[in-house]
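Peer 1: Got upload.cif for you, mmCIF, C-alpha atoms and all ligand atoms:
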```
data_structure
#
loop_
_atom_site.label_atom_id
_atom_site.label_comp_id
_atom_site.auth_asym_id
_atom_site.auth_seq_id
_atom_site.Cartn_x
_atom_site.Cartn_y
_atom_site.Cartn_z
CA MET A 1 41.90 -68.09 -6.41
CA ARG A 2 39.09 -68.25 -8.96
CA PHE A 3 36.24 -70.72 -8.75
CA VAL A 4 33.20 -71.56 -10.82
CA SER A 5 30.29 -72.92 -8.74
CA ILE A 6 27.51 -74.76 -10.53
CA VAL A 7 23.91 -74.94 -9.30
CA GLY A 8 20.65 -75.88 -11.00
CA ALA A 9 18.08 -77.39 -8.65
CA ARG A 10 16.41 -76.41 -5.38
CA PRO A 11 18.62 -78.28 -2.88
CA GLN A 12 21.74 -76.72 -4.40
CA PHE A 13 20.86 -73.09 -3.79
CA MET A 14 21.15 -73.12 0.01
CA LYS A 15 24.34 -75.19 -0.18
CA ALA A 16 25.91 -72.77 -2.66
CA ALA A 17 24.73 -69.75 -0.64
CA VAL A 18 26.52 -70.84 2.49
CA LEU A 19 29.71 -71.78 0.65
CA SER A 20 29.67 -68.58 -1.44
CA ARG A 21 29.60 -66.48 1.71
CA ALA A 22 32.80 -68.15 2.93
CA LEU A 23 34.47 -68.31 -0.49
CA ARG A 24 33.86 -64.71 -1.51
CA GLN A 25 35.58 -63.34 1.59
CA ARG A 26 38.95 -64.07 -0.02
CA HIS A 27 38.39 -65.43 -3.53
CA GLU A 28 36.59 -64.84 -6.82
CA GLU A 29 33.56 -66.94 -7.62
CA LEU A 30 31.51 -67.14 -10.79
CA LEU A 31 28.08 -68.65 -10.10
CA VAL A 32 26.52 -70.61 -12.96
CA HIS A 33 22.85 -71.67 -12.83
CA THR A 34 22.03 -74.37 -15.36
CA GLY A 35 18.32 -73.46 -15.22
CA GLN A 36 17.27 -77.03 -14.37
CA HIS A 37 14.80 -75.48 -11.90
CA TYR A 38 13.27 -72.23 -13.08
CA ASP A 39 9.93 -71.50 -11.35
CA ASP A 40 10.11 -68.60 -8.93
CA LEU A 41 9.25 -70.91 -6.00
CA MET A 42 11.79 -73.54 -7.09
CA SER A 43 14.69 -71.15 -7.69
CA ASP A 44 14.49 -67.33 -7.39
CA VAL A 45 12.94 -67.39 -3.92
CA PHE A 46 16.13 -68.92 -2.49
CA PHE A 47 18.34 -66.29 -4.08
CA ARG A 48 16.14 -63.55 -2.57
CA GLU A 49 15.82 -65.06 0.90
CA LEU A 50 19.45 -66.04 1.25
CA GLU A 51 20.64 -62.79 -0.31
CA MET A 52 22.71 -64.74 -2.79
CA PRO A 53 24.55 -63.07 -5.63
CA ALA A 54 22.52 -63.42 -8.81
CA PRO A 55 23.92 -66.11 -11.10
CA ASP A 56 26.56 -64.70 -13.44
CA VAL A 57 25.31 -67.08 -16.11
CA ASN A 58 21.97 -68.88 -16.47
CA LEU A 59 22.02 -71.56 -19.15
CA GLY A 60 18.22 -71.93 -19.15
CA ILE A 61 18.30 -75.69 -19.84
CA GLY A 62 14.81 -76.25 -18.32
CA SER A 63 13.01 -79.59 -18.03
CA ALA A 64 13.68 -82.52 -20.34
CA SER A 65 14.56 -86.22 -20.27
CA HIS A 66 17.70 -87.13 -18.31
CA ALA A 67 19.87 -87.40 -21.41
CA VAL A 68 18.65 -84.18 -22.98
CA GLN A 69 18.79 -82.19 -19.74
CA THR A 70 22.30 -83.45 -18.92
CA ALA A 71 23.51 -82.94 -22.47
CA ARG A 72 22.22 -79.34 -22.65
CA ALA A 73 23.92 -78.53 -19.37
CA LEU A 74 27.14 -80.25 -20.44
CA GLU A 75 27.30 -78.27 -23.66
CA GLY A 76 26.59 -74.93 -21.98
CA LEU A 77 28.94 -75.56 -19.09
CA GLU A 78 31.81 -76.61 -21.31
CA ALA A 79 31.66 -73.26 -23.10
CA VAL A 80 31.65 -71.32 -19.81
CA LEU A 81 34.45 -73.36 -18.27
CA ARG A 82 36.59 -73.22 -21.41
CA GLU A 83 36.38 -69.44 -21.31
CA GLN A 84 36.82 -69.03 -17.56
CA ARG A 85 39.46 -71.72 -16.83
CA PRO A 86 38.98 -71.41 -13.04
CA ASP A 87 41.32 -72.98 -10.49
CA ALA A 88 38.55 -75.44 -9.61
CA VAL A 89 34.91 -76.14 -10.38
CA ILE A 90 32.56 -76.65 -7.43
CA VAL A 91 29.52 -78.93 -7.76
CA PHE A 92 26.92 -79.85 -5.15
CA GLY A 93 24.94 -83.00 -4.44
CA ASP A 94 23.64 -85.39 -7.06
CA THR A 95 21.42 -83.78 -9.68
CA ASN A 96 21.80 -83.85 -13.45
CA SER A 97 23.40 -80.40 -13.15
CA THR A 98 26.00 -81.85 -10.75
CA LEU A 99 26.96 -84.60 -13.16
CA ALA A 100 27.09 -82.26 -16.15
CA GLY A 101 29.32 -79.82 -14.25
CA ALA A 102 31.68 -82.52 -13.05
CA LEU A 103 31.97 -84.13 -16.47
CA ALA A 104 32.45 -80.87 -18.37
CA ALA A 105 35.19 -79.79 -15.93
CA ALA A 106 36.98 -83.13 -15.79
CA LYS A 107 37.11 -83.39 -19.59
CA LEU A 108 38.72 -79.93 -19.71
CA GLY A 109 41.30 -81.03 -17.13
CA LEU A 110 39.86 -78.72 -14.48
CA PRO A 111 39.86 -79.92 -10.85
CA VAL A 112 36.36 -80.80 -9.59
CA ALA A 113 35.39 -80.14 -5.96
CA HIS A 114 32.34 -82.21 -5.01
CA VAL A 115 30.41 -80.94 -2.02
CA GLU A 116 28.35 -83.79 -0.52
CA ALA A 117 30.61 -86.57 -1.82
CA GLY A 118 30.35 -90.24 -0.88
CA LEU A 119 26.59 -90.56 -0.42
CA ARG A 120 25.25 -93.92 -1.52
CA SER A 121 21.91 -95.72 -1.54
CA TYR A 122 23.33 -98.66 -3.53
CA GLU A 123 20.19 -98.41 -5.68
CA ARG A 124 21.19 -97.91 -9.30
CA ASP A 125 17.52 -97.36 -10.22
CA LEU A 126 17.82 -93.90 -8.68
CA PRO A 127 19.09 -91.31 -11.16
CA GLU A 128 20.81 -89.51 -8.26
CA GLU A 129 22.89 -92.61 -7.46
CA ILE A 130 24.31 -92.66 -10.99
CA ASN A 131 25.02 -88.92 -10.80
CA ARG A 132 26.82 -89.13 -7.47
CA VAL A 133 28.92 -92.21 -8.27
CA LEU A 134 30.12 -90.73 -11.56
CA THR A 135 30.74 -87.31 -10.01
CA ASP A 136 32.78 -88.78 -7.16
CA HIS A 137 34.91 -90.77 -9.58
CA VAL A 138 35.99 -87.68 -11.56
CA SER A 139 36.44 -85.39 -8.53
CA THR A 140 39.74 -84.09 -7.18
CA TYR A 141 38.29 -82.89 -3.88
CA LEU A 142 35.62 -85.00 -2.23
CA PHE A 143 34.05 -83.07 0.64
CA THR A 144 32.06 -85.54 2.74
CA PRO A 145 29.18 -84.62 5.07
CA THR A 146 29.28 -87.78 7.22
CA ALA A 147 31.67 -90.52 8.36
CA THR A 148 29.52 -93.03 6.46
CA ALA A 149 30.27 -91.16 3.24
CA VAL A 150 34.02 -91.52 3.89
CA ASP A 151 33.54 -95.30 4.30
CA CYS A 152 31.48 -95.54 1.11
CA LEU A 153 34.25 -93.84 -0.86
CA ARG A 154 36.89 -96.10 0.69
CA LYS A 155 34.91 -99.17 -0.44
CA GLU A 156 35.17 -97.85 -4.00
CA GLY A 157 38.91 -97.30 -3.67
CA ILE A 158 38.69 -93.52 -3.27
CA GLU A 159 40.86 -92.25 -0.42
CA LYS A 160 42.94 -89.51 -2.01
CA GLY A 161 41.30 -86.09 -1.98
CA VAL A 162 38.67 -87.09 0.58
CA PHE A 163 38.09 -84.40 3.21
CA HIS A 164 35.55 -84.97 5.93
CA VAL A 165 34.17 -81.50 6.61
CA GLY A 166 30.55 -82.04 7.74
CA ASP A 167 27.29 -81.08 6.10
CA VAL A 168 26.87 -77.65 4.50
CA MET A 169 23.08 -78.09 4.95
CA TYR A 170 23.72 -77.94 8.70
CA ASP A 171 25.75 -74.72 8.26
CA SER A 172 22.87 -73.32 6.24
CA LEU A 173 20.28 -74.25 8.83
CA LEU A 174 22.27 -72.62 11.65
CA PHE A 175 22.69 -69.50 9.53
CA SER A 176 18.92 -69.37 8.91
CA LEU A 177 17.50 -70.04 12.38
CA ARG A 178 17.12 -66.39 13.34
CA ARG A 179 15.07 -65.67 10.20
CA VAL A 180 13.02 -68.83 10.79
CA ALA A 181 12.16 -67.66 14.30
CA GLU A 182 10.99 -64.33 12.86
CA VAL A 183 8.51 -65.91 10.41
CA GLU A 184 7.37 -68.96 12.36
CA ALA A 185 4.31 -67.52 14.15
CA SER A 186 2.92 -65.96 10.99
CA VAL A 187 3.54 -69.14 8.96
CA LEU A 188 1.54 -71.24 11.43
CA ALA A 189 -1.23 -68.62 11.55
CA GLN A 190 -1.35 -68.48 7.74
CA TYR A 191 -2.15 -72.20 7.52
CA GLY A 192 -4.30 -72.28 10.67
CA ILE A 193 -2.10 -74.89 12.37
CA ALA A 194 -0.64 -75.13 15.86
CA ALA A 195 2.90 -76.17 16.84
CA GLY A 196 3.13 -79.94 17.36
CA ALA A 197 -0.39 -80.56 16.06
CA TYR A 198 0.16 -81.16 12.32
CA PHE A 199 2.30 -83.25 9.99
CA LEU A 200 4.49 -81.86 7.21
CA ALA A 201 4.89 -83.88 4.00
CA THR A 202 6.99 -83.61 0.83
CA ALA A 203 7.49 -86.09 -2.03
CA HIS A 204 9.21 -85.73 -5.37
CA ARG A 205 11.29 -88.85 -6.09
CA ALA A 206 10.54 -90.39 -9.47
CA SER A 207 9.78 -93.74 -7.80
CA ASN A 208 7.02 -92.07 -5.75
CA THR A 209 5.61 -89.69 -8.34
CA ASP A 210 5.85 -91.52 -11.67
CA ASP A 211 3.94 -94.52 -10.33
CA ALA A 212 0.28 -93.60 -9.68
CA GLN A 213 -0.13 -96.56 -7.32
CA ALA A 214 2.81 -95.43 -5.16
CA LEU A 215 1.64 -91.82 -5.11
CA GLY A 216 -1.92 -92.97 -4.36
CA ALA A 217 -0.60 -94.99 -1.41
CA LEU A 218 1.24 -91.94 -0.01
CA LEU A 219 -1.90 -89.82 -0.28
CA ALA A 220 -3.99 -92.59 1.32
CA ALA A 221 -1.53 -92.77 4.23
CA PHE A 222 -1.55 -88.98 4.70
CA GLY A 223 -5.35 -89.11 4.65
CA GLY A 224 -5.27 -91.75 7.41
CA LEU A 225 -3.31 -89.56 9.85
CA ASP A 226 -5.02 -88.15 12.93
CA ALA A 227 -4.04 -84.49 12.34
CA PRO A 228 -3.78 -82.00 9.46
CA VAL A 229 -1.07 -82.66 6.85
CA VAL A 230 0.60 -79.68 5.22
CA PHE A 231 2.05 -80.78 1.88
CA PRO A 232 4.11 -78.23 -0.10
CA THR A 233 4.04 -79.92 -3.48
CA HIS A 234 6.90 -80.19 -5.97
CA PRO A 235 5.61 -79.33 -9.49
CA ARG A 236 6.23 -82.88 -10.74
CA THR A 237 4.14 -84.26 -7.86
CA GLN A 238 1.29 -81.81 -8.43
CA ALA A 239 1.31 -82.71 -12.13
CA ALA A 240 1.24 -86.45 -11.30
CA ILE A 241 -1.65 -86.02 -8.83
CA ASP A 242 -3.62 -84.04 -11.41
CA SER A 243 -2.99 -86.34 -14.34
CA ALA A 244 -3.83 -89.51 -12.38
CA GLY A 245 -6.86 -87.79 -10.80
CA LEU A 246 -5.81 -88.98 -7.33
CA ALA A 247 -8.06 -88.26 -4.36
CA VAL A 248 -6.77 -85.93 -1.66
CA ALA A 249 -8.32 -86.36 1.80
CA PRO A 250 -9.78 -83.31 3.59
CA ASN A 251 -7.05 -83.27 6.26
CA VAL A 252 -4.34 -82.91 3.56
CA SER A 253 -3.54 -79.40 2.24
CA LEU A 254 -1.63 -79.31 -1.02
CA LEU A 255 0.35 -76.07 -1.24
CA PRO A 256 2.65 -74.68 -3.89
CA PRO A 257 6.35 -75.08 -2.97
CA VAL A 258 7.28 -72.79 -0.07
CA GLY A 259 10.37 -70.67 0.56
CA TYR A 260 13.29 -71.93 2.63
CA PHE A 261 12.61 -70.06 5.89
CA GLU A 262 8.93 -70.97 5.70
CA MET A 263 9.84 -74.61 5.06
CA LEU A 264 12.22 -74.72 8.03
CA ALA A 265 9.53 -73.11 10.20
CA LEU A 266 7.01 -75.76 9.09
CA GLU A 267 9.56 -78.52 9.80
CA ARG A 268 10.53 -77.22 13.22
CA ASN A 269 6.95 -77.06 14.48
CA ALA A 270 5.65 -80.30 12.95
CA ARG A 271 4.69 -83.29 15.07
CA ALA A 272 6.53 -85.37 12.44
CA VAL A 273 7.83 -84.91 8.92
CA LEU A 274 7.04 -87.36 6.10
CA THR A 275 9.37 -87.08 3.12
CA ASP A 276 11.44 -88.67 0.39
CA SER A 277 13.81 -85.68 0.29
CA GLY A 278 17.44 -86.05 1.29
CA GLY A 279 17.61 -82.49 2.57
CA VAL A 280 14.37 -82.63 4.54
CA GLN A 281 15.39 -85.89 6.28
CA ARG A 282 18.51 -84.18 7.62
CA GLU A 283 16.77 -80.95 8.54
CA ALA A 284 14.22 -82.92 10.57
CA TYR A 285 17.13 -84.58 12.38
CA PHE A 286 18.95 -81.28 13.01
CA LEU A 287 15.71 -79.85 14.42
CA ALA A 288 14.92 -82.99 16.47
CA VAL A 289 11.63 -83.61 14.69
CA PRO A 290 10.67 -87.28 14.07
CA CYS A 291 10.89 -88.21 10.39
CA VAL A 292 9.23 -90.86 8.22
CA THR A 293 11.17 -91.52 5.03
CA LEU A 294 8.89 -92.59 2.19
CA ARG A 295 11.61 -94.78 0.69
CA THR A 296 13.11 -98.19 1.45
CA GLU A 297 16.68 -96.92 1.78
CA THR A 298 18.47 -93.74 2.81
CA GLU A 299 21.83 -92.19 2.05
CA TRP A 300 21.70 -90.71 5.55
CA PRO A 301 21.72 -93.75 7.91
CA GLU A 302 22.86 -91.54 10.82
CA THR A 303 19.31 -90.18 10.96
CA LEU A 304 17.95 -93.65 11.76
CA VAL A 305 19.91 -93.82 15.04
CA GLY A 306 17.71 -93.47 18.11
CA GLY A 307 14.55 -93.85 15.99
CA TRP A 308 14.50 -90.24 14.72
CA ASN A 309 13.98 -91.45 11.17
CA VAL A 310 12.07 -94.56 10.03
CA LEU A 311 12.03 -96.05 6.50
CA THR A 312 8.55 -97.08 5.36
CA GLY A 313 8.53 -97.09 1.57
CA THR A 314 4.94 -96.70 0.39
CA ASN A 315 3.34 -99.09 2.87
CA VAL A 316 0.19 -97.29 4.01
CA ALA A 317 -0.14 -98.85 7.48
CA GLY A 318 3.62 -98.56 8.01
CA ILE A 319 3.55 -94.84 7.20
CA VAL A 320 0.61 -94.16 9.54
CA ASP A 321 2.22 -96.12 12.40
CA ALA A 322 5.62 -94.50 11.91
CA ALA A 323 4.19 -90.96 11.74
CA GLN A 324 2.14 -91.47 14.92
CA ARG A 325 4.95 -93.21 16.86
CA PRO A 326 6.03 -91.75 20.19
CA ARG A 327 8.78 -89.16 20.09
CA PRO A 328 12.28 -90.67 20.53
CA GLN A 329 13.71 -90.18 24.02
CA THR A 330 17.40 -89.73 23.22
CA ALA A 331 18.71 -86.54 21.59
CA PRO A 332 19.94 -86.69 17.97
CA LEU A 333 23.73 -87.17 17.68
CA PRO A 334 26.04 -84.49 16.24
CA ALA A 335 26.80 -86.64 13.18
CA PHE A 336 26.78 -83.84 10.59
CA GLY A 337 29.70 -81.70 11.71
CA ASP A 338 29.94 -78.51 13.70
CA GLY A 339 28.27 -76.04 11.34
CA ARG A 340 31.62 -74.95 9.87
CA ALA A 341 31.72 -77.23 6.83
CA SER A 342 31.82 -74.33 4.38
CA SER A 343 34.73 -72.51 6.00
CA LYS A 344 36.60 -75.83 6.25
CA ILE A 345 36.10 -76.35 2.51
CA VAL A 346 37.60 -72.93 1.77
CA GLU A 347 40.52 -73.56 4.15
CA ILE A 348 41.25 -76.90 2.44
CA LEU A 349 41.13 -75.38 -1.04
CA GLU A 350 43.63 -72.75 0.14
CA ARG A 351 45.90 -75.13 2.04
CA ASP A 352 45.89 -77.80 -0.62
CA PRO A 353 45.47 -75.77 -3.82
CA PRO A 354 44.58 -77.57 -7.02
CA ASN A 355 47.67 -78.48 -8.98
CA ARG A 356 47.07 -78.46 -12.70
C1 LIG B 401 15.70 -82.89 -9.32
C2 LIG B 401 16.87 -83.82 -9.03
C3 LIG B 401 16.66 -84.47 -7.67
C4 LIG B 401 16.43 -83.45 -6.59
C5 LIG B 401 15.28 -82.53 -6.98
C6 LIG B 401 15.13 -81.44 -5.96
C7 LIG B 401 17.87 -84.92 -11.00
C8 LIG B 401 17.97 -86.18 -11.76
N1 LIG B 401 16.93 -84.89 -10.02
O1 LIG B 401 14.53 -83.69 -9.43
O2 LIG B 401 17.85 -85.21 -7.33
O3 LIG B 401 16.12 -84.11 -5.39
O4 LIG B 401 15.57 -81.94 -8.26
O5 LIG B 401 13.91 -80.82 -6.02
O6 LIG B 401 18.60 -84.00 -11.25
N2 LIG B 401 9.41 -78.60 -12.84
C9 LIG B 401 8.69 -77.44 -12.91
N3 LIG B 401 9.32 -76.27 -12.53
C10 LIG B 401 10.61 -76.22 -12.13
C11 LIG B 401 11.33 -77.42 -12.08
C12 LIG B 401 10.71 -78.60 -12.43
O7 LIG B 401 7.52 -77.43 -13.26
O8 LIG B 401 11.11 -75.12 -11.82
C13 LIG B 401 8.73 -79.86 -13.20
C14 LIG B 401 8.83 -80.20 -14.67
O9 LIG B 401 7.64 -80.79 -15.07
C15 LIG B 401 9.93 -81.25 -14.68
C16 LIG B 401 9.74 -81.95 -13.34
O10 LIG B 401 9.31 -80.93 -12.45
O11 LIG B 401 9.83 -82.14 -15.75
C17 LIG B 401 10.99 -82.59 -12.81
O12 LIG B 401 12.07 -81.66 -12.72
P1 LIG B 401 13.59 -82.16 -12.82
O13 LIG B 401 14.51 -81.05 -12.54
O14 LIG B 401 13.80 -82.91 -14.09
O15 LIG B 401 13.67 -83.25 -11.67
P2 LIG B 401 13.24 -83.14 -10.14
O16 LIG B 401 12.20 -84.15 -9.89
O17 LIG B 401 12.97 -81.73 -9.78
N1 LIG B 402 12.45 -76.96 0.54
C1 LIG B 402 11.86 -75.70 0.49
N2 LIG B 402 10.56 -75.60 0.09
C2 LIG B 402 9.81 -76.68 -0.24
C3 LIG B 402 10.42 -77.97 -0.18
C4 LIG B 402 11.74 -78.06 0.20
O1 LIG B 402 12.51 -74.71 0.79
O2 LIG B 402 8.63 -76.51 -0.60
C5 LIG B 402 13.86 -77.06 0.95
C6 LIG B 402 14.10 -78.00 2.11
O3 LIG B 402 13.89 -77.35 3.35
C7 LIG B 402 15.56 -78.38 1.88
C8 LIG B 402 15.65 -78.44 0.36
O4 LIG B 402 14.59 -77.63 -0.13
O5 LIG B 402 16.41 -77.37 2.37
C9 LIG B 402 15.50 -79.85 -0.10
O6 LIG B 402 15.27 -79.87 -1.48
P1 LIG B 402 14.49 -81.05 -2.20
O7 LIG B 402 13.64 -81.78 -1.24
O8 LIG B 402 13.86 -80.47 -3.40
O9 LIG B 402 15.69 -81.97 -2.74
P2 LIG B 402 16.59 -83.15 -2.11
O10 LIG B 402 17.19 -82.67 -0.85
O11 LIG B 402 15.71 -84.34 -1.96
O12 LIG B 402 17.59 -83.41 -3.19
#
```
Can you turn what I pasted into C-alpha cells?
Peer 2:
Amino acid sequence: MRFVSIVGARPQFMKAAVLSRALRQRHEELLVHTGQHYDDLMSDVFFRELEMPAPDVNLGIGSASHAVQTARALEGLEAVLREQRPDAVIVFGDTNSTLAGALAAAKLGLPVAHVEAGLRSYERDLPEEINRVLTDHVSTYLFTPTATAVDCLRKEGIEKGVFHVGDVMYDSLLFSLRRVAEVEASVLAQYGIAAGAYFLATAHRASNTDDAQALGALLAAFGGLDAPVVFPTHPRTQAAIDSAGLAVAPNVSLLPPVGYFEMLALERNARAVLTDSGGVQREAYFLAVPCVTLRTETEWPETLVGGWNVLTGTNVAGIVDAAQRPRPQTAPLPAFGDGRASSKIVEILERDPPNR
C-alpha cells in the first residue's frame, strides 16, 4: 500500500517517526513536511536523533496567521496529494498542518487516517480544538490514544472507523529510553543540576504566551519555587518574554529548545514538570514524574488520576503549591496502551484497507 504522511510541527515528528518505522517494513510512505516549524531545534534535530527519513517534500509554509498558514499548507498539500493519489493520508494530532492535510485529502476523496483522534478540551478558544474536531469529522480511520477519546467521539456520533490503539507517544518514549539513559548524566552535568532537585518547565500555548499578564504570572510562579527551574523556551515564548520585557528570576534558566532525548532526560530526572504541552503532560505521566498543567483543562484526564497531574491555570500560589506537593503514592495506570500503537495502526490499515 502507499501512504502519504503529513507532519509540520514539533510534536508530530516523534509520532511520525515511530509510525514510519512500522509502516515502511511492508509499505511505501511519502513523508511531507509542511514547514510550519523550521528552526533546527524545532524540526531538524528530531529527524537526526530519531534517524527519520528526510521529508520527501517540504512545503516551506513557515509562520503566519492561522488562516494564511493553513491556506498555504492546504494549497501545497492538495498539489502533492493530487499527484500521488495514495491509498490513505496520515495526519497526526491537532496543528494547522493536521487540519490542512485532512481537508486537502478529504476534498480529493482520499481516506484520512487521524492518529490521536478524539481528544477534546471542549474549549473552542483553543485553535487546536477546532483543528481536531474538524479533522476527526472528515477522517475515515480514527486512531484513539485513550478510552476517553473513544467516548468523546461517540458523543459526537462518530463510531465507525474508530480504532482504539493506544498512544504513539508512549511507543516513541519506550523506543527512546535507551538513548535517554545514555545522555542523562551529561545533560544534568551540562546544566549543573542534580536528579530530583530541579523543576522542568515549558509553555507555548497562545493563551499563556500572547497575554503578558498570564506569562508574567507563570514566570513569577517559577521564580517562587524552592529549587532551580530549567525552562527550554519555545520561540514564541522567548519572543513574548522579550517584547513584554518580563522579569526572569535568578533560579529560572531560559534555554533554547532542546532535542528529544535531552528533553526526556530532563523530564525523567525532574522533581516535577510544569507545562502547558499535551505531549509533556503524558511523558511526565509515563515517567512517573509529578506534573503541573498550566491550563484550566486537559485533553488527557487520565493523567489527573492519583494526583500525578494537577491543573492550575496561571494562579501563582496554585502553581507553587502544586509543584511542591508531595509525590503521589500510587503508581500511574497503564491508560495509554501497551507501546504497540504504531504496529496496531499498520495492522488495521492492512486488515481493513481503505475502500475508495
Ligand atoms: C504549534 C501548534 C500547537 C503545538 C505547537 C507545538 C497550531 C495552531 N499550533 O503552535 O498545537 O502544540 O506547534 O510546538 O498549529 N517559530 C519560530 N521557529 C519555528 C517555529 C515557530 O520562531 O521553527 C515562532 C514564530 O514566531 C511563530 C511562532 O513561533 O509565529 C508560533 O509558531 P506556530 O507554528 O504558528 O505555532 P506554535 O505556537 O508553535
Ligand atoms: N520537546 C522537546 N524539546 C523541547 C520541548 C519539547 O523535544 O524543548 C518534546 C517533548 O518532549 C514532546 C514534544 O516535544 O515529546 C511536545 O511538543 P510540544 O510541547 O511542542 O507540543 P504539544 O505536545 O503541546 O502539542
Peer 1: At a cut-off of 9 Å and counting all atoms listed in the file, what residues surround ligand LIG 402 (chain B)? Please answer as a count of residues only.
Peer 2: 46
Peer 1: Using only C-alpha atoms, collect all residues at a distance of at most 12 Å from (-4.5, -92.9, -16.7) as written in the file, then present them as a PyMOL selection string.
Peer 2: chain A and resi 210-213+240-246
Peer 1: So that I have them on file, write out the residues from the current selection with C-alpha atoms, as a PDB file, in the coordinates of the input.
Peer 2:
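Result written to result-v7.pdb:
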```pdb
ATOM      1  CA  ASP A 210       5.850 -91.520 -11.670  1.00  0.00           C
ATOM      2  CA  ASP A 211       3.940 -94.520 -10.330  1.00  0.00           C
ATOM      3  CA  ALA A 212       0.280 -93.600  -9.680  1.00  0.00           C
ATOM      4  CA  GLN A 213      -0.130 -96.560  -7.320  1.00  0.00           C
ATOM      5  CA  ALA A 240       1.240 -86.450 -11.300  1.00  0.00           C
ATOM      6  CA  ILE A 241      -1.650 -86.020  -8.830  1.00  0.00           C
ATOM      7  CA  ASP A 242      -3.620 -84.040 -11.410  1.00  0.00           C
ATOM      8  CA  SER A 243      -2.990 -86.340 -14.340  1.00  0.00           C
ATOM      9  CA  ALA A 244      -3.830 -89.510 -12.380  1.00  0.00           C
ATOM     10  CA  GLY A 245      -6.860 -87.790 -10.800  1.00  0.00           C
ATOM     11  CA  LEU A 246      -5.810 -88.980  -7.330  1.00  0.00           C
TER      12      LEU A 246
END
```
Peer 1: Show me, as a list in words, the residues that have an atom within 10 Å of Leu31 (chain A) when counting all atoms listed in the file, minus same-chain residues fewer than 3 positions from it.
Peer 2: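 Those residues are Phe3, Val4, Ser5, Ile6, Val7, Ala16, Ser20, Glu28, Thr34, Met52, Pro53, Ala54, Pro55, Asp56, Val57, Asn58 and Ile90 of chain A.
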Peer 1: Separation of CA of Phe163 (chain A) and CA of Phe175 (chain A), in Å?
Peer 2: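 Result for CA of Phe163 (chain A) versus CA of Phe175 (chain A): 22.3 Å, one decimal.
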Peer 1: Tell me which protein, DNA and RNA residues are within 8 Å of Ala22 (chain A), counting all atoms listed in the file, leaving out same-chain ones fewer than 2 positions away, and put them as a list in words.
Peer 2: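 My list of contacting residues is Val18, Leu19, Ser20, Arg24, Gln25, Arg26, Ser342, Ser343 and Val346 of chain A.
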Peer 1: For the selection just defined, write its residues with C-alpha atoms to a file, as a short mmCIF file (atom, residue, chain, number, x, y, z; two decimals), in the frame of the given file.
Peer 2:
```cif
data_model
loop_
_atom_site.label_atom_id
_atom_site.label_comp_id
_atom_site.auth_asym_id
_atom_site.auth_seq_id
_atom_site.Cartn_x
_atom_site.Cartn_y
_atom_site.Cartn_z
CA VAL A 18 26.52 -70.84 2.49
CA LEU A 19 29.71 -71.78 0.65
CA SER A 20 29.67 -68.58 -1.44
CA ARG A 24 33.86 -64.71 -1.51
CA GLN A 25 35.58 -63.34 1.59
CA ARG A 26 38.95 -64.07 -0.02
CA SER A 342 31.82 -74.33 4.38
CA SER A 343 34.73 -72.51 6.00
CA VAL A 346 37.60 -72.93 1.77
#
```
Peer 1: Provide the CA of Glu347 (chain A) to CA of Ala147 (chain A) distance in Å, to one decimal place.
Peer 2: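 Computing the Euclidean distance for CA of Glu347 (chain A) and CA of Ala147 (chain A) yields 19.6 Å.
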Peer 1: Counting only C-alpha atoms, figure out which residue out of A:Gly306, A:Gly318, A:Pro127, A:Pro111 gets nearest to Leu225 (chain A).
Peer 2: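 Distance minimum relative to Leu225 (chain A) lands on A:Gly318.
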Peer 1: What does the structure give for the distance between CA of Glu116 (chain A) and CA of Asn269 (chain A), in Å to one decimal?
Peer 2: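 Atom-to-atom, CA of Glu116 (chain A) and CA of Asn269 (chain A) are spaced 27.0 Å apart.
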Peer 1: Here is a test: counting all atoms listed in the file, which residue of A:Gly161, A:Gly192, A:Gly166, A:Gly35 is nearest to Thr144 (chain A)?
Peer 2: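 The shortest atom-to-atom distance to Thr144 (chain A) comes from A:Gly166.
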Peer 1: Which of these, A:Leu74, A:Leu126, A:Ala104, A:Leu218, has the shortest distance to ligand LIG 401 (chain B) once you count all atoms listed in the file?
Peer 2: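 The shortest atom-to-atom distance to ligand LIG 401 (chain B) comes from A:Leu126.
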Peer 1: Using only C-alpha atoms and all ligand atoms, which of A:Glu75, A:Asp167, A:Asp125, A:Glu159 sits nearest ligand LIG 401 (chain B)?
Peer 2: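 So, comparing all the options, the nearest one is A:Asp125.
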Peer 1: Identify which of the residues A:Val248, A:Ala239, A:Val91, A:Ala189 lies closest to ligand LIG 401 (chain B), counting all atoms listed in the file when measuring atom-to-atom distances.
Peer 2: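 Ranking A:Val248, A:Ala239, A:Val91, A:Ala189 by distance to ligand LIG 401 (chain B), first place goes to A:Ala239.
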Peer 1: Given the choices A:Ala194, A:Ala79, A:Val133, A:Ile319, which gets closest to Ala220 (chain A) if the distance is worked out from only C-alpha atoms?
Peer 2: A:Ile319
